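Source file: model.cif; contents: mmCIF, C-alpha atoms; chains and numbers go by the auth columns.
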data_data
loop_
_atom_site.group_PDB
_atom_site.id
_atom_site.type_symbol
_atom_site.label_atom_id
_atom_site.label_comp_id
_atom_site.label_asym_id
_atom_site.label_seq_id
_atom_site.Cartn_x
_atom_site.Cartn_y
_atom_site.Cartn_z
_atom_site.B_iso_or_equiv
_atom_site.auth_seq_id
_atom_site.auth_asym_id
ATOM 1 C CA MET A 1 -100.493 -72.347 -189.059 0.00 1 A
ATOM 2 C CA SER A 2 -98.478 -72.112 -185.852 0.00 2 A
ATOM 3 C CA ASP A 3 -99.887 -71.709 -182.374 0.00 3 A
ATOM 4 C CA LYS A 4 -99.016 -68.252 -181.021 0.00 4 A
ATOM 5 C CA ARG A 5 -98.351 -69.598 -177.526 0.00 5 A
ATOM 6 C CA ASN A 6 -95.886 -72.184 -178.831 0.00 6 A
ATOM 7 C CA ASP A 7 -94.027 -69.422 -180.687 0.00 7 A
ATOM 8 C CA GLU A 8 -93.717 -67.404 -177.476 0.00 8 A
ATOM 9 C CA TYR A 9 -92.927 -70.380 -175.225 0.00 9 A
ATOM 10 C CA PRO A 10 -90.968 -72.975 -177.211 0.00 10 A
ATOM 11 C CA PHE A 11 -90.924 -76.530 -175.822 0.00 11 A
ATOM 12 C CA PRO A 12 -93.096 -75.827 -172.755 0.00 12 A
ATOM 13 C CA HIS A 13 -92.945 -79.439 -171.501 0.00 13 A
ATOM 14 C CA VAL A 14 -89.137 -79.413 -171.551 0.00 14 A
ATOM 15 C CA ARG A 15 -89.019 -76.007 -169.872 0.00 15 A
ATOM 16 C CA HIS A 16 -91.351 -77.166 -167.083 0.00 16 A
ATOM 17 C CA ALA A 17 -89.420 -80.416 -166.496 0.00 17 A
ATOM 18 C CA PHE A 18 -86.146 -78.478 -166.353 0.00 18 A
ATOM 19 C CA LYS A 19 -87.611 -75.941 -163.910 0.00 19 A
ATOM 20 C CA ASP A 20 -89.076 -78.729 -161.755 0.00 20 A
ATOM 21 C CA GLU A 21 -85.769 -80.602 -161.426 0.00 21 A
ATOM 22 C CA PHE A 22 -83.653 -77.518 -160.761 0.00 22 A
ATOM 23 C CA GLY A 23 -86.363 -76.109 -158.516 0.00 23 A
ATOM 24 C CA ARG A 24 -86.144 -79.180 -156.298 0.00 24 A
ATOM 25 C CA PHE A 25 -82.351 -78.829 -156.119 0.00 25 A
ATOM 26 C CA PHE A 26 -82.568 -75.180 -155.114 0.00 26 A
ATOM 27 C CA ASP A 27 -85.393 -75.880 -152.655 0.00 27 A
ATOM 28 C CA VAL A 28 -83.122 -78.364 -150.846 0.00 28 A
ATOM 29 C CA ALA A 29 -80.225 -75.884 -150.854 0.00 29 A
ATOM 30 C CA ASN A 30 -82.580 -73.139 -149.702 0.00 30 A
ATOM 31 C CA ASN A 31 -83.774 -75.254 -146.783 0.00 31 A
ATOM 32 C CA MET A 32 -80.215 -76.140 -145.789 0.00 32 A
ATOM 33 C CA LEU A 33 -79.280 -72.446 -145.754 0.00 33 A
ATOM 34 C CA GLY A 34 -82.257 -71.496 -143.626 0.00 34 A
ATOM 35 C CA GLY A 35 -84.675 -70.448 -146.330 0.00 35 A
ATOM 36 C CA SER A 36 -83.183 -66.998 -146.725 0.00 36 A
ATOM 37 C CA TRP A 37 -83.646 -66.703 -150.481 0.00 37 A
ATOM 38 C CA GLY A 38 -86.809 -68.606 -151.294 0.00 38 A
ATOM 39 C CA SER A 39 -89.154 -67.201 -153.903 0.00 39 A
ATOM 40 C CA PRO A 40 -92.909 -67.652 -154.125 0.00 40 A
ATOM 41 C CA HIS A 41 -94.667 -70.324 -156.127 0.00 41 A
ATOM 42 C CA VAL A 42 -96.696 -68.826 -158.960 0.00 42 A
ATOM 43 C CA ASP A 43 -99.322 -69.767 -161.519 0.00 43 A
ATOM 44 C CA VAL A 44 -99.316 -67.869 -164.832 0.00 44 A
ATOM 45 C CA GLU A 45 -102.487 -68.082 -166.911 0.00 45 A
ATOM 46 C CA ASP A 46 -102.500 -66.769 -170.483 0.00 46 A
ATOM 47 C CA PHE A 47 -105.958 -65.597 -171.614 0.00 47 A
ATOM 48 C CA ASN A 48 -106.928 -63.900 -174.883 0.00 48 A
ATOM 49 C CA ASP A 49 -107.204 -60.460 -173.268 0.00 49 A
ATOM 50 C CA LYS A 50 -104.901 -60.694 -170.240 0.00 50 A
ATOM 51 C CA VAL A 51 -102.261 -62.613 -168.329 0.00 51 A
ATOM 52 C CA LYS A 52 -103.128 -63.564 -164.760 0.00 52 A
ATOM 53 C CA VAL A 53 -100.348 -64.241 -162.264 0.00 53 A
ATOM 54 C CA THR A 54 -101.188 -65.736 -158.873 0.00 54 A
ATOM 55 C CA ALA A 55 -98.434 -65.923 -156.251 0.00 55 A
ATOM 56 C CA ASP A 56 -98.565 -67.701 -152.889 0.00 56 A
ATOM 57 C CA LEU A 57 -97.053 -65.395 -150.265 0.00 57 A
ATOM 58 C CA PRO A 58 -98.176 -66.664 -146.851 0.00 58 A
ATOM 59 C CA GLY A 59 -96.827 -64.633 -143.955 0.00 59 A
ATOM 60 C CA TYR A 60 -95.966 -61.587 -146.081 0.00 60 A
ATOM 61 C CA ASN A 61 -97.474 -58.157 -145.500 0.00 61 A
ATOM 62 C CA LYS A 62 -98.802 -56.145 -148.417 0.00 62 A
ATOM 63 C CA SER A 63 -96.439 -53.309 -147.476 0.00 63 A
ATOM 64 C CA SER A 64 -93.381 -55.593 -147.856 0.00 64 A
ATOM 65 C CA LEU A 65 -94.217 -56.550 -151.470 0.00 65 A
ATOM 66 C CA SER A 66 -93.460 -54.778 -154.738 0.00 66 A
ATOM 67 C CA VAL A 67 -94.640 -55.483 -158.280 0.00 67 A
ATOM 68 C CA SER A 68 -93.148 -53.928 -161.416 0.00 68 A
ATOM 69 C CA ILE A 69 -93.154 -54.529 -165.159 0.00 69 A
ATOM 70 C CA ASP A 70 -90.075 -54.022 -167.332 0.00 70 A
ATOM 71 C CA GLY A 71 -90.869 -54.727 -170.979 0.00 71 A
ATOM 72 C CA ASN A 72 -92.464 -58.166 -170.935 0.00 72 A
ATOM 73 C CA HIS A 73 -90.982 -59.136 -167.550 0.00 73 A
ATOM 74 C CA LEU A 74 -92.966 -59.087 -164.324 0.00 74 A
ATOM 75 C CA ILE A 75 -90.763 -58.525 -161.280 0.00 75 A
ATOM 76 C CA LEU A 76 -91.999 -59.508 -157.824 0.00 76 A
ATOM 77 C CA THR A 77 -89.952 -58.527 -154.779 0.00 77 A
ATOM 78 C CA GLY A 78 -90.627 -58.873 -151.102 0.00 78 A
ATOM 79 C CA SER A 79 -89.188 -59.524 -147.713 0.00 79 A
ATOM 80 C CA ARG A 80 -90.204 -61.283 -144.562 0.00 80 A
ATOM 81 C CA PRO A 81 -88.226 -61.043 -141.337 0.00 81 A
ATOM 82 C CA CYS A 82 -86.486 -64.095 -139.948 0.00 82 A
ATOM 83 C CA ASN A 83 -88.051 -64.350 -136.518 0.00 83 A
ATOM 84 C CA ARG A 84 -85.737 -67.061 -135.268 0.00 84 A
ATOM 85 C CA PRO A 85 -83.872 -66.150 -132.070 0.00 85 A
ATOM 86 C CA LYS A 86 -80.090 -66.614 -132.222 0.00 86 A
ATOM 87 C CA GLU A 87 -80.154 -69.337 -129.588 0.00 87 A
ATOM 88 C CA VAL A 88 -82.661 -71.267 -131.705 0.00 88 A
ATOM 89 C CA LEU A 89 -80.488 -70.892 -134.820 0.00 89 A
ATOM 90 C CA ASN A 90 -77.656 -72.669 -133.002 0.00 90 A
ATOM 91 C CA ASN A 91 -79.837 -75.741 -132.452 0.00 91 A
ATOM 92 C CA PHE A 92 -80.120 -78.603 -134.906 0.00 92 A
ATOM 93 C CA TYR A 93 -83.157 -78.405 -137.183 0.00 93 A
ATOM 94 C CA THR A 94 -84.616 -81.494 -138.817 0.00 94 A
ATOM 95 C CA GLU A 95 -86.674 -79.296 -141.174 0.00 95 A
ATOM 96 C CA PHE A 96 -86.126 -75.696 -142.138 0.00 96 A
ATOM 97 C CA GLU A 97 -88.728 -74.907 -144.793 0.00 97 A
ATOM 98 C CA ARG A 98 -90.280 -71.558 -143.905 0.00 98 A
ATOM 99 C CA PRO A 99 -88.596 -68.962 -146.113 0.00 99 A
ATOM 100 C CA CYS A 100 -87.568 -65.600 -144.757 0.00 100 A
ATOM 101 C CA GLY A 101 -85.443 -62.714 -145.905 0.00 101 A
ATOM 102 C CA HIS A 102 -85.599 -60.983 -149.286 0.00 102 A
ATOM 103 C CA PHE A 103 -86.697 -62.478 -152.603 0.00 103 A
ATOM 104 C CA THR A 104 -86.900 -61.317 -156.197 0.00 104 A
ATOM 105 C CA ARG A 105 -88.789 -63.320 -158.788 0.00 105 A
ATOM 106 C CA THR A 106 -88.767 -62.343 -162.469 0.00 106 A
ATOM 107 C CA LEU A 107 -91.255 -63.910 -164.867 0.00 107 A
ATOM 108 C CA GLN A 108 -91.103 -63.642 -168.636 0.00 108 A
ATOM 109 C CA LEU A 109 -94.566 -62.955 -170.017 0.00 109 A
ATOM 110 C CA PRO A 110 -95.893 -62.747 -173.586 0.00 110 A
ATOM 111 C CA ARG A 111 -94.642 -59.765 -175.583 0.00 111 A
ATOM 112 C CA THR A 112 -98.228 -58.586 -176.026 0.00 112 A
ATOM 113 C CA ILE A 113 -98.742 -57.375 -172.436 0.00 113 A
ATOM 114 C CA THR A 114 -99.163 -53.726 -171.540 0.00 114 A
ATOM 115 C CA SER A 115 -98.489 -52.091 -168.194 0.00 115 A
ATOM 116 C CA GLU A 116 -101.541 -49.842 -168.577 0.00 116 A
ATOM 117 C CA GLY A 117 -104.543 -51.024 -166.571 0.00 117 A
ATOM 118 C CA VAL A 118 -102.782 -53.620 -164.387 0.00 118 A
ATOM 119 C CA THR A 119 -104.876 -54.627 -161.372 0.00 119 A
ATOM 120 C CA THR A 120 -103.736 -56.396 -158.215 0.00 120 A
ATOM 121 C CA SER A 121 -105.301 -57.864 -155.119 0.00 121 A
ATOM 122 C CA PHE A 122 -103.748 -59.385 -152.009 0.00 122 A
ATOM 123 C CA ASN A 123 -105.966 -61.548 -149.842 0.00 123 A
ATOM 124 C CA GLN A 124 -104.970 -64.134 -147.210 0.00 124 A
ATOM 125 C CA GLY A 125 -101.402 -64.409 -148.492 0.00 125 A
ATOM 126 C CA VAL A 126 -102.320 -64.769 -152.172 0.00 126 A
ATOM 127 C CA LEU A 127 -101.270 -62.033 -154.609 0.00 127 A
ATOM 128 C CA GLU A 128 -103.240 -61.857 -157.853 0.00 128 A
ATOM 129 C CA ILE A 129 -102.015 -59.693 -160.740 0.00 129 A
ATOM 130 C CA ASN A 130 -104.059 -59.156 -163.906 0.00 130 A
ATOM 131 C CA ILE A 131 -102.028 -57.713 -166.783 0.00 131 A
ATOM 132 C CA PRO A 132 -103.935 -56.646 -169.897 0.00 132 A
ATOM 133 C CA LYS A 133 -102.725 -57.508 -173.369 0.00 133 A
ATOM 134 C CA LYS A 134 -102.413 -54.952 -176.132 0.00 134 A
ATOM 135 C CA THR A 135 -105.357 -54.794 -178.480 0.00 135 A
ATOM 136 C CA PRO A 136 -104.732 -55.981 -182.044 0.00 136 A
ATOM 137 C CA ASP A 137 -104.692 -52.317 -183.144 0.00 137 A
ATOM 138 C CA HIS A 138 -101.526 -51.806 -181.067 0.00 138 A
ATOM 139 C CA LEU A 139 -99.844 -54.959 -182.341 0.00 139 A
ATOM 140 C CA SER A 140 -99.508 -53.891 -185.950 0.00 140 A
ATOM 141 C CA THR A 141 -99.154 -50.462 -187.504 0.00 141 A
ATOM 142 C CA LYS A 142 -99.170 -49.477 -191.160 0.00 142 A
ATOM 143 C CA ILE A 143 -96.305 -47.156 -191.928 0.00 143 A
ATOM 144 C CA SER A 144 -96.329 -45.010 -195.034 0.00 144 A
ATOM 145 C CA ILE A 145 -93.231 -44.768 -197.204 0.00 145 A
ATOM 146 C CA ASN A 146 -92.125 -41.254 -198.070 0.00 146 A
#
Using the file provided, produce a representation of the structure as structure tokens.
Amino acid sequence: MSDKRNDEYPFPHVRHAFKDEFGRFFDVANNMLGGSWGSPHVDVEDFNDKVKVTADLPGYNKSSLSVSIDGNHLILTGSRPCNRPKEVLNNFYTEFERPCGHFTRTLQLPRTITSEGVTTSFNQGVLEINIPKKTPDHLSTKISIN
């Protein structure tokens, strides 16, 4: 008997290692370019009845964020102004880690999610999204043959 999660997310340890290595590369490039296209760090928890996504978005306003679901993809978008004066941008920075500008982050979620009944909360720069899963009745349907 196969584990449903392994069927939906093949080779999770390889996927995470790959994301970690490439994430570090893009974080360095992002910092060198002034952090203009950074995306938030997220945790995705898969429960029996829902998927919970928690995103760290310090410094963002609720009004500058958008959440949408397209099929089994969760799409987070947002923007934060770059409040660095032009004369400061001409100076040499030893660290440039605070992201600004626009981001879009797309997460693939299990195929069993439904967009009905999604709840969100945004508190102290942390966005929490709870996405219900379809009930077993919605997962399989008997179809009569005519």
- Closest of A:Ser39, A:Asn48, A:Asn72, A:Thr112 to Tyr60 (chain A) - atom-to-atom distances counting all atoms listed in the file: A:Ser39
- Message: As a check of understanding, name the residues that the PyMOL selection byres ((chain A and resi 117-125) around 9) selects in the supplied structure, as a ChimeraX atom specification.
- Response: /A:55-62,114-116,126-132
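Put simply, CA of Thr135 (chain A) is 13.3 Å away from CA of Pro110 (chain A).
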As AutoDock Vina command-line options, please report the centre and edge lengths, rounded to one decimal in Å, of the axis-aligned box that holds all listed atoms of region 107-112 of chain A with 3 Å of padding on each of the six sides.
--center_x -94.7 --center_y -61.2 --center_z -170.4 --size_x 13.1 --size_y 11.3 --size_z 17.2
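Nearest to Asp70 (chain A) of all the residues A:Ser144, A:Asn83, A:Gln108, A:Thr54 is A:Gln108, counting all atoms listed in the file.
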- Please work out which residues fall within 12 Å of (-91.4, -59.9, -158.7), coordinates as given in the file, with all atoms listed in the file counting, and return them as a PyMOL selection string. chain A and resi 39-42+53-55+57+64-70+73-79+102-108+127+129
Write a file of the just-selected residues containing C-alpha atoms, as a short mmCIF file (atom, residue, chain, number, x, y, z; two decimals), in the frame of the given file.
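Once written, again13.cif looks like this:
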data_model
loop_
_atom_site.label_atom_id
_atom_site.label_comp_id
_atom_site.auth_asym_id
_atom_site.auth_seq_id
_atom_site.Cartn_x
_atom_site.Cartn_y
_atom_site.Cartn_z
CA SER A 39 -89.15 -67.20 -153.90
CA PRO A 40 -92.91 -67.65 -154.12
CA HIS A 41 -94.67 -70.32 -156.13
CA VAL A 42 -96.70 -68.83 -158.96
CA VAL A 53 -100.35 -64.24 -162.26
CA THR A 54 -101.19 -65.74 -158.87
CA ALA A 55 -98.43 -65.92 -156.25
CA LEU A 57 -97.05 -65.40 -150.26
CA SER A 64 -93.38 -55.59 -147.86
CA LEU A 65 -94.22 -56.55 -151.47
CA SER A 66 -93.46 -54.78 -154.74
CA VAL A 67 -94.64 -55.48 -158.28
CA SER A 68 -93.15 -53.93 -161.42
CA ILE A 69 -93.15 -54.53 -165.16
CA ASP A 70 -90.08 -54.02 -167.33
CA HIS A 73 -90.98 -59.14 -167.55
CA LEU A 74 -92.97 -59.09 -164.32
CA ILE A 75 -90.76 -58.52 -161.28
CA LEU A 76 -92.00 -59.51 -157.82
CA THR A 77 -89.95 -58.53 -154.78
CA GLY A 78 -90.63 -58.87 -151.10
CA SER A 79 -89.19 -59.52 -147.71
CA HIS A 102 -85.60 -60.98 -149.29
CA PHE A 103 -86.70 -62.48 -152.60
CA THR A 104 -86.90 -61.32 -156.20
CA ARG A 105 -88.79 -63.32 -158.79
CA THR A 106 -88.77 -62.34 -162.47
CA LEU A 107 -91.26 -63.91 -164.87
CA GLN A 108 -91.10 -63.64 -168.64
CA LEU A 127 -101.27 -62.03 -154.61
CA ILE A 129 -102.02 -59.69 -160.74
#
